[in-house]
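Below is entry.txt, which holds compact mmCIF, C-alpha atoms.
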```
# COMPACT_ATOMS: atom_id res chain seq x y z
CA MET A 59 -146.65 -168.01 31.77
CA LYS A 60 -143.54 -170.06 32.50
CA LEU A 61 -141.79 -171.04 35.72
CA ALA A 62 -138.86 -168.72 36.41
CA ASP A 63 -135.37 -169.97 37.20
CA ASN A 64 -135.60 -168.79 40.79
CA LYS A 65 -138.05 -169.23 43.66
CA ALA A 66 -139.15 -166.82 46.38
CA THR A 67 -138.51 -167.75 50.00
CA LEU A 68 -140.66 -166.25 52.72
CA SER A 69 -139.09 -166.33 56.17
CA PHE A 70 -140.56 -165.30 59.52
CA SER A 71 -138.91 -163.59 62.47
CA ASN A 72 -141.06 -165.53 64.98
CA GLY A 73 -139.37 -168.83 64.25
CA SER A 74 -142.07 -170.27 61.96
CA PRO A 75 -140.61 -172.40 59.16
CA SER A 76 -139.81 -170.66 55.89
CA ILE A 77 -141.83 -171.48 52.79
CA GLU A 78 -140.91 -171.44 49.13
CA MET A 79 -143.19 -169.99 46.49
CA PRO A 80 -142.87 -170.42 42.73
CA VAL A 81 -141.98 -167.42 40.58
CA TYR A 82 -143.42 -167.11 37.07
CA SER A 83 -142.31 -165.00 34.11
CA GLY A 84 -144.50 -163.45 31.47
CA SER A 85 -143.29 -162.65 27.96
CA ILE A 86 -142.39 -159.10 29.08
CA GLY A 87 -142.81 -157.18 32.31
CA PRO A 88 -142.14 -158.03 35.97
CA ASP A 89 -142.07 -161.60 37.26
CA VAL A 90 -144.84 -162.66 39.65
CA ILE A 91 -144.72 -164.61 42.90
CA ASP A 92 -147.42 -167.28 43.08
CA ILE A 93 -149.03 -166.87 46.52
CA ARG A 94 -152.09 -169.07 45.92
CA LYS A 95 -151.02 -171.60 48.55
CA LEU A 96 -149.90 -168.99 51.08
CA TYR A 97 -153.07 -169.12 53.20
CA GLY A 98 -153.14 -172.90 53.25
CA GLN A 99 -149.50 -173.09 54.34
CA THR A 100 -149.37 -170.18 56.78
CA GLY A 101 -152.93 -169.18 57.66
CA MET A 102 -152.10 -165.64 56.52
CA PHE A 103 -153.29 -163.39 53.68
CA THR A 104 -151.32 -160.75 51.82
CA TYR A 105 -152.32 -157.12 52.33
CA ASP A 106 -152.34 -154.91 49.23
CA PRO A 107 -154.91 -152.04 49.26
CA GLY A 108 -155.85 -151.11 45.71
CA PHE A 109 -154.07 -154.25 44.43
CA LEU A 110 -151.13 -152.08 43.34
CA SER A 111 -148.63 -154.94 43.64
CA THR A 112 -150.96 -157.83 42.81
CA ALA A 113 -151.44 -159.53 39.44
CA SER A 114 -155.06 -160.69 39.51
CA CYS A 115 -154.81 -162.64 36.27
CA GLN A 116 -152.61 -163.55 33.35
CA SER A 117 -153.46 -161.69 30.15
CA ALA A 118 -152.18 -161.54 26.57
CA ILE A 119 -154.14 -158.43 25.50
CA THR A 120 -152.50 -155.19 26.66
CA PHE A 121 -149.10 -154.40 28.15
CA ILE A 122 -148.04 -151.13 29.77
CA ASP A 123 -144.49 -150.17 30.72
CA GLY A 124 -145.06 -147.11 32.86
CA ASP A 125 -141.37 -146.27 33.21
CA LYS A 126 -140.78 -146.27 29.44
CA GLY A 127 -144.15 -144.74 28.59
CA GLU A 128 -145.07 -147.70 26.39
CA LEU A 129 -148.50 -149.12 25.57
CA LEU A 130 -148.93 -152.26 23.45
CA TYR A 131 -152.14 -153.85 22.13
CA ARG A 132 -151.37 -157.52 21.40
CA GLY A 133 -147.73 -156.50 21.00
CA TYR A 134 -148.33 -153.57 18.65
CA PRO A 135 -147.26 -150.08 19.84
CA ILE A 136 -150.22 -147.74 20.26
CA GLU A 137 -148.46 -145.13 18.09
CA GLN A 138 -148.43 -147.48 15.09
CA LEU A 139 -152.06 -148.49 15.51
CA ALA A 140 -153.21 -144.88 15.89
CA ASN A 141 -151.26 -143.71 12.83
CA HIS A 142 -151.78 -146.66 10.49
CA GLY A 143 -155.11 -148.24 11.39
CA ASP A 144 -158.70 -147.53 12.30
CA TYR A 145 -160.79 -148.31 15.35
CA LEU A 146 -162.64 -151.37 14.02
CA ASP A 147 -159.38 -153.00 12.89
CA THR A 148 -158.12 -152.34 16.43
CA CYS A 149 -161.28 -153.98 17.78
CA TYR A 150 -160.59 -157.02 15.63
CA LEU A 151 -157.02 -157.13 16.96
CA LEU A 152 -158.12 -156.97 20.60
CA LEU A 153 -160.83 -159.61 20.14
CA LYS A 154 -159.00 -162.02 17.83
CA GLY A 155 -155.33 -161.53 18.72
CA ASP A 156 -154.05 -160.43 15.30
CA LEU A 157 -154.68 -157.60 12.87
CA PRO A 158 -157.13 -158.49 10.11
CA ASP A 159 -156.11 -158.99 6.49
CA ALA A 160 -157.99 -157.02 3.82
CA LYS A 161 -160.91 -159.48 3.56
CA GLN A 162 -161.21 -159.97 7.32
CA SER A 163 -161.23 -156.20 7.79
CA THR A 164 -163.97 -155.69 5.19
CA ASP A 165 -166.08 -158.51 6.63
CA PHE A 166 -165.66 -157.27 10.21
CA HIS A 167 -166.56 -153.68 9.30
CA LYS A 168 -169.66 -154.94 7.50
CA LEU A 169 -170.65 -157.18 10.41
CA VAL A 170 -170.44 -154.34 12.95
CA ASN A 171 -172.28 -151.93 10.63
CA ASN A 172 -175.12 -154.42 10.25
CA HIS A 173 -175.78 -154.37 14.01
CA THR A 174 -175.80 -150.62 14.69
CA MET A 175 -179.57 -150.28 15.13
CA VAL A 176 -181.15 -150.91 18.52
CA ASN A 177 -184.56 -152.34 19.30
CA GLU A 178 -187.17 -149.64 18.74
CA GLN A 179 -188.51 -150.15 22.26
CA MET A 180 -185.20 -148.85 23.66
CA GLN A 181 -186.37 -145.32 22.91
CA PHE A 182 -189.42 -145.82 25.15
CA PHE A 183 -187.16 -147.09 27.92
CA LEU A 184 -184.96 -144.02 27.39
CA ARG A 185 -187.94 -141.69 27.69
CA GLY A 186 -188.46 -142.90 31.25
CA PHE A 187 -185.43 -140.84 32.31
CA ARG A 188 -185.54 -137.14 33.12
CA ARG A 189 -184.12 -135.09 30.26
CA ASP A 190 -181.57 -133.49 32.56
CA ALA A 191 -180.24 -136.86 33.82
CA HIS A 192 -176.47 -137.31 33.59
CA PRO A 193 -175.71 -139.28 30.40
CA MET A 194 -173.71 -141.85 32.37
CA ALA A 195 -176.72 -142.58 34.57
CA VAL A 196 -178.70 -143.13 31.37
CA MET A 197 -175.94 -145.24 29.78
CA THR A 198 -175.66 -147.53 32.79
CA GLY A 199 -179.37 -148.28 32.46
CA LEU A 200 -179.38 -148.63 28.67
CA VAL A 201 -176.43 -151.02 28.49
CA GLY A 202 -177.82 -153.19 31.27
CA ALA A 203 -181.20 -153.18 29.52
CA LEU A 204 -179.70 -154.71 26.37
CA SER A 205 -179.87 -158.11 28.09
CA ALA A 206 -183.66 -157.68 28.22
CA PHE A 207 -183.80 -157.29 24.43
CA TYR A 208 -181.25 -159.87 23.26
CA HIS A 209 -182.02 -163.09 25.12
CA ASP A 210 -180.21 -165.16 22.49
CA SER A 211 -176.73 -164.02 23.55
CA THR A 212 -176.74 -163.87 27.34
CA ASP A 213 -175.01 -167.18 28.19
CA ILE A 214 -171.50 -166.09 29.11
CA THR A 215 -170.24 -169.70 29.02
CA ASN A 216 -171.26 -170.11 25.36
CA PRO A 217 -168.51 -168.86 22.96
CA GLU A 218 -171.05 -168.14 20.21
CA HIS A 219 -173.17 -166.07 22.59
CA ARG A 220 -170.09 -164.12 23.68
CA GLU A 221 -169.14 -163.45 20.07
CA ILE A 222 -172.64 -162.26 19.15
CA SER A 223 -172.90 -160.04 22.23
CA ALA A 224 -169.43 -158.60 21.51
CA ILE A 225 -170.48 -157.44 18.04
CA ARG A 226 -173.79 -156.12 19.35
CA LEU A 227 -172.15 -154.10 22.11
CA ILE A 228 -169.45 -152.60 19.86
CA ALA A 229 -172.04 -151.75 17.20
CA LYS A 230 -174.79 -150.40 19.44
CA LEU A 231 -172.85 -148.30 21.95
CA PRO A 232 -172.43 -145.35 19.53
CA THR A 233 -176.16 -145.47 18.84
CA LEU A 234 -177.02 -145.50 22.55
CA VAL A 235 -174.59 -142.67 23.40
CA ALA A 236 -176.00 -140.54 20.57
CA MET A 237 -179.56 -141.34 21.64
CA SER A 238 -178.87 -140.27 25.22
CA TYR A 239 -177.42 -136.98 23.90
CA LYS A 240 -180.32 -136.28 21.54
CA TYR A 241 -182.85 -137.09 24.25
CA GLY A 242 -181.20 -134.65 26.64
CA ILE A 243 -181.36 -131.74 24.17
CA GLY A 244 -184.83 -132.56 22.85
CA GLN A 245 -183.84 -133.42 19.30
CA PRO A 246 -185.11 -136.41 17.31
CA PHE A 247 -182.99 -139.57 17.27
CA MET A 248 -180.90 -140.16 14.15
CA TYR A 249 -180.88 -143.71 12.87
CA PRO A 250 -177.44 -145.09 11.97
CA GLN A 251 -176.28 -144.95 8.37
CA ASN A 252 -174.25 -148.04 7.52
CA SER A 253 -172.49 -146.52 4.51
CA LEU A 254 -170.46 -144.31 6.86
CA SER A 255 -167.43 -145.27 8.91
CA TYR A 256 -167.83 -146.18 12.58
CA SER A 257 -166.67 -142.72 13.70
CA GLY A 258 -168.42 -140.87 10.87
CA ASN A 259 -171.67 -142.60 11.72
CA PHE A 260 -171.34 -141.56 15.36
CA LEU A 261 -170.74 -137.92 14.37
CA ARG A 262 -173.85 -137.96 12.17
CA MET A 263 -176.02 -139.55 14.87
CA MET A 264 -174.77 -136.93 17.34
CA PHE A 265 -174.93 -133.77 15.27
CA GLY A 266 -177.14 -134.53 12.28
CA VAL A 267 -180.83 -133.58 12.10
CA PRO A 268 -183.56 -135.04 9.85
CA CYS A 269 -184.25 -131.74 8.06
CA GLU A 270 -180.89 -131.56 6.25
CA ASP A 271 -178.00 -133.70 5.09
CA TYR A 272 -175.02 -134.09 7.39
CA VAL A 273 -171.56 -134.02 5.81
CA VAL A 274 -168.86 -135.71 7.89
CA ASN A 275 -165.71 -133.63 8.37
CA PRO A 276 -162.80 -136.04 7.70
CA VAL A 277 -160.50 -134.27 10.20
CA LEU A 278 -163.04 -134.64 12.99
CA GLU A 279 -163.83 -138.20 11.87
CA ARG A 280 -160.16 -139.17 12.09
CA ALA A 281 -159.76 -137.38 15.44
CA LEU A 282 -162.68 -139.27 16.94
CA ASP A 283 -161.40 -142.56 15.54
CA ARG A 284 -158.04 -141.90 17.18
CA ILE A 285 -159.75 -141.15 20.52
CA PHE A 286 -161.51 -144.51 20.24
CA ILE A 287 -158.24 -146.36 19.46
CA LEU A 288 -156.34 -144.72 22.33
CA HIS A 289 -159.07 -145.62 24.83
CA ALA A 290 -159.87 -149.13 23.57
CA ASP A 291 -158.06 -150.96 26.37
CA HIS A 292 -155.66 -150.16 29.18
CA GLU A 293 -154.78 -153.38 31.00
CA GLN A 294 -156.29 -154.15 34.45
CA ASN A 295 -157.66 -150.71 35.33
CA ALA A 296 -160.60 -150.19 37.71
CA SER A 297 -163.43 -150.61 35.18
CA THR A 298 -161.78 -153.56 33.42
CA SER A 299 -161.21 -155.28 36.76
CA THR A 300 -164.87 -154.56 37.57
CA VAL A 301 -166.00 -156.22 34.33
CA ARG A 302 -163.81 -159.25 35.06
CA LEU A 303 -165.01 -159.50 38.66
CA CYS A 304 -168.65 -159.10 37.62
CA GLY A 305 -168.27 -161.62 34.80
CA SER A 306 -166.59 -164.13 37.10
CA SER A 307 -169.98 -164.72 38.74
CA GLY A 308 -171.35 -165.98 35.40
CA THR A 309 -173.54 -162.96 34.71
CA ASN A 310 -174.33 -162.06 31.09
CA PRO A 311 -171.95 -159.88 29.04
CA PHE A 312 -174.37 -156.92 28.90
CA ALA A 313 -174.61 -156.82 32.71
CA ALA A 314 -170.83 -157.12 33.07
CA VAL A 315 -170.23 -154.24 30.65
CA ALA A 316 -172.91 -152.16 32.41
CA ALA A 317 -170.90 -152.64 35.62
CA GLY A 318 -167.85 -151.35 33.76
CA VAL A 319 -169.80 -148.30 32.59
CA ALA A 320 -170.82 -147.56 36.19
CA CYS A 321 -167.22 -147.86 37.43
CA LEU A 322 -165.92 -145.69 34.59
CA TRP A 323 -168.23 -142.89 35.68
CA GLY A 324 -165.97 -142.09 38.65
CA PRO A 325 -164.02 -138.81 38.39
CA ALA A 326 -160.76 -140.59 39.23
CA HIS A 327 -161.23 -142.90 36.22
CA GLY A 328 -163.31 -142.18 33.12
CA GLY A 329 -164.53 -138.87 34.47
CA ALA A 330 -161.01 -137.44 34.57
CA ASN A 331 -161.33 -135.55 31.28
CA GLU A 332 -164.61 -134.06 32.51
CA ALA A 333 -162.80 -132.97 35.70
CA CYS A 334 -160.03 -131.48 33.54
CA LEU A 335 -162.46 -129.23 31.65
CA LYS A 336 -164.06 -128.21 34.94
CA MET A 337 -160.61 -127.15 36.15
CA LEU A 338 -160.14 -124.99 33.05
CA ASP A 339 -163.58 -123.45 33.60
CA ASP A 340 -162.55 -122.63 37.19
CA ILE A 341 -159.37 -120.88 35.97
CA GLN A 342 -161.42 -118.99 33.42
CA ARG A 343 -163.71 -117.72 36.19
CA MET A 344 -160.64 -116.68 38.22
CA GLY A 345 -159.66 -114.32 35.42
CA GLY A 346 -158.52 -116.49 32.55
CA ILE A 347 -155.05 -116.78 31.10
CA SER A 348 -153.61 -114.04 33.32
CA LYS A 349 -154.40 -116.18 36.38
CA VAL A 350 -152.79 -119.44 35.17
CA GLY A 351 -149.53 -118.73 37.00
CA GLU A 352 -151.39 -118.01 40.22
CA PHE A 353 -153.42 -121.20 39.85
CA MET A 354 -150.30 -123.31 39.28
CA GLU A 355 -148.73 -121.84 42.43
CA GLN A 356 -151.84 -122.92 44.35
CA VAL A 357 -151.37 -126.43 42.96
CA LYS A 358 -147.84 -126.49 44.40
CA ASP A 359 -149.17 -125.55 47.85
CA LYS A 360 -150.18 -128.80 49.53
CA ASN A 361 -152.39 -126.93 51.96
CA SER A 362 -154.48 -125.24 49.26
CA GLY A 363 -156.42 -128.36 48.27
CA VAL A 364 -156.14 -127.31 44.60
CA LYS A 365 -155.35 -130.19 42.24
CA LEU A 366 -153.99 -130.19 38.71
CA MET A 367 -156.36 -132.36 36.67
CA GLY A 368 -155.30 -134.04 33.43
CA PHE A 369 -151.66 -134.38 34.47
CA GLY A 370 -149.77 -137.40 35.80
CA HIS A 371 -150.93 -141.01 35.81
CA ARG A 372 -151.08 -143.91 38.27
CA VAL A 373 -149.16 -146.21 35.90
CA TYR A 374 -147.12 -143.96 33.61
CA LYS A 375 -144.04 -142.50 35.28
CA ASN A 376 -143.01 -141.07 31.94
CA TYR A 377 -145.01 -139.23 29.28
CA ASP A 378 -148.30 -141.00 28.55
CA PRO A 379 -147.79 -142.30 24.96
CA ARG A 380 -151.47 -141.67 24.25
CA ALA A 381 -151.07 -138.02 25.26
CA LYS A 382 -148.45 -137.38 22.56
CA LEU A 383 -150.81 -138.70 19.90
CA MET A 384 -153.76 -136.82 21.34
CA GLN A 385 -151.74 -133.60 21.43
CA GLU A 386 -151.16 -133.89 17.67
CA THR A 387 -154.86 -134.56 17.11
CA CYS A 388 -155.77 -131.64 19.35
CA ASN A 389 -153.72 -129.22 17.26
CA GLU A 390 -155.17 -130.61 14.00
CA VAL A 391 -158.76 -130.23 15.21
CA LEU A 392 -158.26 -126.71 16.59
CA ALA A 393 -156.65 -125.64 13.30
CA GLU A 394 -159.45 -127.22 11.24
CA LEU A 395 -162.14 -125.45 13.27
CA GLY A 396 -160.26 -122.16 13.57
CA LEU A 397 -160.16 -122.36 17.35
CA GLU A 398 -156.44 -121.79 17.96
CA ASN A 399 -157.28 -118.39 19.49
CA ASP A 400 -160.33 -119.48 21.43
CA PRO A 401 -159.85 -118.27 25.05
CA MET A 402 -160.49 -121.70 26.61
CA PHE A 403 -158.03 -123.46 24.33
CA LYS A 404 -155.38 -120.76 24.75
CA LEU A 405 -155.84 -121.21 28.49
CA ALA A 406 -155.27 -124.95 28.19
CA LYS A 407 -152.09 -124.41 26.16
CA GLN A 408 -150.74 -122.05 28.84
CA VAL A 409 -151.40 -124.61 31.59
CA GLU A 410 -149.63 -127.22 29.46
CA LYS A 411 -146.65 -124.89 28.84
CA ILE A 412 -146.07 -124.17 32.54
CA ALA A 413 -146.41 -127.85 33.50
CA LEU A 414 -143.84 -128.89 30.89
CA GLU A 415 -141.32 -126.19 31.90
CA ASP A 416 -141.70 -125.76 35.67
CA ASP A 417 -139.22 -127.88 37.66
CA TYR A 418 -141.88 -128.66 40.28
CA PHE A 419 -144.05 -130.51 37.75
CA VAL A 420 -141.21 -131.90 35.62
CA SER A 421 -139.39 -133.38 38.64
CA ARG A 422 -142.62 -135.09 39.72
CA LYS A 423 -143.25 -136.27 36.16
CA LEU A 424 -146.65 -134.59 36.09
CA TYR A 425 -146.86 -134.64 32.32
CA PRO A 426 -150.15 -134.04 30.47
CA ASN A 427 -152.08 -137.28 30.14
CA VAL A 428 -154.56 -138.41 27.51
CA ASP A 429 -157.51 -136.97 29.48
CA PHE A 430 -156.14 -133.44 29.19
CA TYR A 431 -156.07 -133.43 25.40
CA SER A 432 -159.05 -135.69 24.67
CA GLY A 433 -161.31 -133.41 26.71
CA ILE A 434 -160.18 -130.39 24.67
CA VAL A 435 -160.69 -132.25 21.38
CA GLN A 436 -164.16 -133.45 22.31
CA ARG A 437 -165.20 -129.99 23.44
CA ALA A 438 -163.95 -128.55 20.15
CA ILE A 439 -165.92 -131.15 18.16
CA GLY A 440 -169.05 -130.15 20.05
CA ILE A 441 -169.44 -133.06 22.46
CA PRO A 442 -170.76 -131.70 25.78
CA VAL A 443 -168.58 -132.16 28.84
CA ASN A 444 -171.05 -134.44 30.63
CA LEU A 445 -170.92 -136.86 27.68
CA PHE A 446 -167.12 -137.26 27.67
CA THR A 447 -167.26 -140.36 29.87
CA GLY A 448 -169.97 -141.85 27.65
CA VAL A 449 -167.62 -141.54 24.67
CA PHE A 450 -164.89 -143.15 26.78
CA ALA A 451 -167.25 -146.05 27.61
CA LEU A 452 -168.07 -146.46 23.92
CA ALA A 453 -164.38 -146.79 23.08
CA ARG A 454 -163.50 -149.03 26.05
CA THR A 455 -166.32 -151.53 25.41
CA VAL A 456 -164.18 -153.66 23.10
CA GLY A 457 -161.43 -153.86 25.73
CA TRP A 458 -163.91 -154.94 28.38
CA ILE A 459 -165.28 -157.65 26.10
CA ALA A 460 -161.83 -158.90 25.10
CA GLN A 461 -160.79 -159.09 28.76
CA LEU A 462 -164.05 -160.82 29.73
CA ASN A 463 -163.68 -163.40 26.96
CA GLU A 464 -160.06 -164.05 27.96
CA MET A 465 -161.07 -164.61 31.59
CA ILE A 466 -163.87 -167.05 30.67
CA GLY A 467 -161.42 -168.99 28.49
CA ASP A 468 -158.81 -169.22 31.24
CA PRO A 469 -158.93 -172.68 32.91
CA GLU A 470 -157.61 -171.11 36.13
CA TYR A 471 -160.35 -168.53 36.48
CA LYS A 472 -162.58 -168.57 39.55
CA ILE A 473 -165.24 -166.25 40.90
CA GLY A 474 -163.47 -163.22 42.34
CA ARG A 475 -163.30 -163.18 46.13
CA PRO A 476 -160.78 -160.72 47.66
CA ARG A 477 -159.85 -161.23 51.30
CA GLN A 478 -159.64 -158.66 54.09
CA MET A 479 -157.88 -157.78 57.30
CA PHE A 480 -160.69 -157.39 59.84
CA THR A 481 -160.22 -154.49 62.28
CA GLY A 482 -163.66 -154.36 63.92
CA SER A 483 -164.81 -155.61 67.29
CA PRO A 484 -164.01 -159.24 68.19
CA ARG A 485 -166.89 -161.54 69.09
CA ARG A 486 -169.19 -160.17 71.80
CA ASN A 487 -172.65 -160.97 73.15
CA VAL A 488 -175.86 -158.99 72.95
CA PRO A 489 -176.95 -158.03 76.52
CA GLY A 490 -179.10 -160.82 77.94
CA ALA A 491 -177.92 -163.38 75.37
CA LYS A 492 -176.00 -166.45 76.45
```
Kindly present the structure from the file in structure tokens form.
Amino acid sequence: MKLADNKATLSFSNGSPSIEMPVYSGSIGPDVIDIRKLYGQTGMFTYDPGFLSTASCQSAITFIDGDKGELLYRGYPIEQLANHGDYLDTCYLLLKGDLPDAKQSTDFHKLVNNHTMVNEQMQFFLRGFRRDAHPMAVMTGLVGALSAFYHDSTDITNPEHREISAIRLIAKLPTLVAMSYKYGIGQPFMYPQNSLSYSGNFLRMMFGVPCEDYVVNPVLERALDRIFILHADHEQNASTSTVRLCGSSGTNPFAAVAAGVACLWGPAHGGANEACLKMLDDIQRMGGISKVGEFMEQVKDKNSGVKLMGFGHRVYKNYDPRAKLMQETCNEVLAELGLENDPMFKLAKQVEKIALEDDYFVSRKLYPNVDFYSGIVQRAIGIPVNLFTGVFALARTVGWIAQLNEMIGDPEYKIGRPRQMFTGSPRRNVPGAK
């Protein structure tokens, strides 16, 4: 962050003296006005609900240009990483700042693989949940419980502890997600197999059974790996900001990531792909593909209350770059599994077609986002809809950890403490009190 050539001047119409505030420039993206001394100089706060115009930190991890439809991890375009790398190399990049060389990649893959098992007592903790519990309720508990099993890596101020907990979280999340799935359907847990890839191992733990060998389908393995890469980080979104805010209190990394899991559960965030599939189910119940046009007309009617899920994005005002990649993966998976003519997937393609051609949606830049396609891919693979957000949490864990580590290493970081504009009753006395 460097001081810009210009300064910002804030003037007041009530005759109060103007104040100057420094302006800083990042390497790319908008400049920022430093308002840290604003309250001390004026006695006033800024007001920015949702923090839509506020930079809460400086970060060197992920950059998004919503107007261009660009997403960079440590400077690398997401398209290049998704087409020429794998998820664990992307994890290394996000944590370390650079892509690994051949030896670093081999060592990192081996390190993660060696930590995929979880303490055996975790299964007894898991069995305390009802079998019909939502997987995200289970995951919030399981991730938070990791701090009860790994006391040697809970000091967030210790770099070695943070590094150990980072590897443990990345390695164990697939195991925990698969365990929560197996528990819900009454099947035995599958221990991880370290000879498989990160994504291949997850597929086996999800869909393998002890009574027969499980053969990993390379098309599905690559599709899942791409889903993980595309969801690994996404700048200062709600769950990442939650992890940073939680971690700013000095809590342990497992607790901070558990807070991120809880935030991600929301339907406006990580639950968006689950909401997208629910929308398609609703159209199917209306009458299927013949009713898509009618449904899209309802979406256009502001008074109908019908929303188009899986389209548009808070940040991207152009096509979500992740959606283009996920669309390719979606077509590959459907072709591999022979599902191109499946009624649900044909329905999804018709919704997509209308949204990309209708002036109403095009003019509002309501393009398909990554949630639309990733939900279809996961459903095709066999992942149940209520586990979609758990898979998202698995993939996003490395981003949360990288952001948490960056915050702890920032000499300017402080415990998060947003301000407010109070609109309640002014001071008053209880009857009879003096």
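Reported to one decimal place, the separation of atom CA of A:Met102 from atom CA of A:Ile77 is 12.4 Å.
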For A:Leu282, list every protein, DNA or RNA residue within 8 Å, evaluated using only C-alpha atoms, and leave out those in the same chain fewer than 4 positions away; present the list as number ranges by chain.
A: 257, 278, 286
With only C-alpha atoms as the counted atoms, please give the residues lying no more than 10 Å from A:Ile243, apart from itself and same-chain residues fewer than 5 positions off, as a list in words.
Arg189, Asp190 and Ser238 of chain A
Please write the residues from the selection above to a file, keeping C-alpha atoms, as a short mmCIF file (atom, residue, chain, number, x, y, z; two decimals), in the coordinates of the input.
```cif
data_model
loop_
_atom_site.label_atom_id
_atom_site.label_comp_id
_atom_site.auth_asym_id
_atom_site.auth_seq_id
_atom_site.Cartn_x
_atom_site.Cartn_y
_atom_site.Cartn_z
CA ARG A 189 -184.12 -135.09 30.26
CA ASP A 190 -181.57 -133.49 32.56
CA SER A 238 -178.87 -140.27 25.22
#
```
Please list, as a PyMOL selection string, the residues that have an atom at most 7 Å away from (-153.9, -122.1, 32.8) in the coordinates of this file, counting all atoms listed in the file.
chain A and resi 338+341+347+349-351+405-406+408-409
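Distance check against A:Gly202 using only C-alpha atoms: of A:Glu178, A:Leu234, A:Phe353, A:Lys407, the minimum falls on A:Leu234.
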